[in-house]
Amino acid sequence: MIRSALGAGPARIALSLSGVAALVALWSLGLAASPHTLLPGPWAVVKAIAGLAASGLLVHHVVASLFRVTWGYLAAVAVALPAGLLLGTYRRPELAFGPFLELARPISPLAWIPLSILWLGVGDLAALAIIFFASFLPLVLTVKNAVGRVPLVHLQAGRNFGLAPGELARRILLPAILPQVLVGLRLSLGVAWLVVVAAEMLAVNSGLGFLIIDARNAGNRYDLVVAGMVLIGGVGLALDTAILRLGRLPAFAWGASER
Amino acid sequence: MRAARRLDPEAFLLPAAVAVAGIALWHLAVAASHSTTFPTPLAVARAMGELARRGVLAPYVLDSLRRVGSGYLLGLAAGIPLGLAMGWFPALAWAINPVVQILRPISPLAWIPVAIVLWGVGDAATIFLIFLAALFPIVVATANGVANVPPMVLQAGRNFGLKPAAVLVRVALPAALPQVLVGLRVALGISWLVVVAAEMIAVDSGLGYLVIDARNAGKRYDLVVAAMILIGVIGLALDLLARRVERLPRVRWGFRGD
């Protein structure tokens, strides 16, 4: 992230490790000094994660959360890309629907929870719908705006080479908007991961969000709560890294150098 | 482009037509399904009036805004200096960046139980959650912004005889500002998303509380939808405000380097 050109010297590795060590030390010391008896120390959390892994609950909850995020997110991508291309290309649909997309986007996806439960019942479908909303709106607006910013010259050049509209979209428009779309994809995946945790706290009974709220409500097992937080952080980091990697593939890179 | 649009009657007529059609469709769908739980548009408008009459509309909106404001400003006060320091001193970035990268992807909502233990049920817990939600995007955007300032610009500053601190404040910070402001806007959006969720769980006032309370206490879905509309409108206003700041002439110069 921050300038990898400086290389991974031993000094850098030592500093990175010392930062993480300081965090763990601060956590233990803060705990020893504080009056809160409910909160677990680092070691208790490690043991809680090991316990979850041994009982198979770890895989169960992680898979449940990933399942919801994957399908809700992929459905949103599948609808948002064509919709964004359409709205970015044609003036009238953009005029007609653009303002409403802008208005709907800042409605916190979590505010949809009561409605999605009313319509879809308590369960996976409600959670999926919330994740769909959370990722669809930012994505469709990103794609739409990216299409609007493609230089007209590029499109005209394509037309002069005799490309049909479909080919124009595939060979000029898509590559040109890819860098911005990738940024949008990354941001909305982050939001989807944030939202799944909240949705699982309210609407279903599996997944990492459920693990956290259930561990707290059933017997104040704060070691499990923090274990759930660590798992959420780990999976979130893995998702973010995966989508960053995707953006660095050579096939996606050309537009970035243009900017 | 913008000026041309404003004169265009279609720019007004098309969205108006869609709005009318949407509201009519909503009304007809509710009428056709004989739903007793889901409100018609008129019922939502009446619910909005009821909230105003009961005197909870303004206090709830202000409560939510106050929580977002306090948490966000705290995140700003901590995140900008930390990000500046990380962008300026690579050694500091090496030490702190792994910690930031570990904590950043933890959904702020996952902190809810811990926040309640630390701060009790109430405002302090909510503000802490928004602080966390705002802090990490701000730190990352500021650190990257400062680290990506072209070295030539900094050297020019030094050639003019600026001391290191002056180079940071007068050259690096303005050059990084556009990227920082994008981070600030993203953080504001996430804060608004988080406050709604936090209010559903940790306090008993605010728009998020209104959504969940209206549902739990007597399935008042007209109030739920009214609260959603309020959340959308205020979120939109916050977003427009942040974009307005990005367009101020004073902060624009860095954009040219893009």
# chains A, B, ... in the order shown; residues from 1 in each chain; ligands from 1
>>> interface_residues(of="chain A", to="chain B", cutoff="7 Å", atoms="only C-alpha atoms", output="ChimeraX atom specification")
/A:2,12,15-16,18-20,95-97,103-104,106-108,110-111,114,194,197-198,209,216,229,232-233,236-237
>>> residues_around(residues="segment 131-133 of chain A", least_positions_apart="5", cutoff="6 Å", atoms="only C-alpha atoms", output="PyMOL selection string")
chain A and resi 72-73+76+192
>>> write_last_selection(atoms="C-alpha atoms", output="compact mmCIF listing (two decimals), in the first residue's frame")
# COMPACT_ATOMS: atom_id res chain seq x y z
CA GLY A 72 -25.48 -10.84 -3.06
CA TYR A 73 -22.40 -9.12 -4.44
CA ALA A 76 -25.34 -6.79 -7.80
CA ALA A 192 -20.95 -5.51 1.40
>>> decode(residues="segment 38-49 of chain A", atoms="N, CA, C and O atoms", output="short mmCIF file (atom, residue, chain, number, x, y, z; two decimals), in the first residue's frame")
data_model
loop_
_atom_site.label_atom_id
_atom_site.label_comp_id
_atom_site.auth_asym_id
_atom_site.auth_seq_id
_atom_site.Cartn_x
_atom_site.Cartn_y
_atom_site.Cartn_z
N LEU A 38 -15.18 -8.34 31.85
CA LEU A 38 -15.80 -9.15 30.80
C LEU A 38 -14.88 -9.36 29.62
O LEU A 38 -14.95 -10.38 28.95
N LEU A 39 -14.01 -8.38 29.34
CA LEU A 39 -13.24 -8.44 28.10
C LEU A 39 -12.11 -9.44 28.20
O LEU A 39 -11.46 -9.55 29.23
N PRO A 40 -11.86 -10.18 27.09
CA PRO A 40 -10.83 -11.22 27.11
C PRO A 40 -9.47 -10.65 26.73
O PRO A 40 -9.37 -9.64 26.05
N GLY A 41 -8.42 -11.34 27.16
CA GLY A 41 -7.06 -11.00 26.73
C GLY A 41 -6.74 -11.68 25.41
O GLY A 41 -7.54 -12.49 24.92
N PRO A 42 -5.57 -11.36 24.82
CA PRO A 42 -5.21 -11.95 23.53
C PRO A 42 -5.20 -13.48 23.58
O PRO A 42 -5.67 -14.15 22.64
N TRP A 43 -4.66 -14.04 24.66
CA TRP A 43 -4.52 -15.49 24.72
C TRP A 43 -5.89 -16.17 24.76
O TRP A 43 -6.11 -17.18 24.10
N ALA A 44 -6.83 -15.58 25.52
CA ALA A 44 -8.18 -16.14 25.60
C ALA A 44 -8.83 -16.15 24.22
O ALA A 44 -9.57 -17.08 23.87
N VAL A 45 -8.53 -15.13 23.42
CA VAL A 45 -9.12 -15.06 22.07
C VAL A 45 -8.52 -16.14 21.18
O VAL A 45 -9.23 -16.79 20.42
N VAL A 46 -7.20 -16.35 21.30
CA VAL A 46 -6.55 -17.41 20.51
C VAL A 46 -7.20 -18.76 20.86
O VAL A 46 -7.54 -19.56 19.98
N LYS A 47 -7.42 -18.96 22.17
CA LYS A 47 -8.03 -20.22 22.59
C LYS A 47 -9.46 -20.33 22.06
O LYS A 47 -9.91 -21.41 21.66
N ALA A 48 -10.19 -19.21 22.06
CA ALA A 48 -11.57 -19.23 21.57
C ALA A 48 -11.60 -19.59 20.08
O ALA A 48 -12.45 -20.37 19.63
N ILE A 49 -10.64 -19.02 19.31
CA ILE A 49 -10.60 -19.33 17.88
C ILE A 49 -10.28 -20.81 17.68
O ILE A 49 -10.91 -21.50 16.86
#
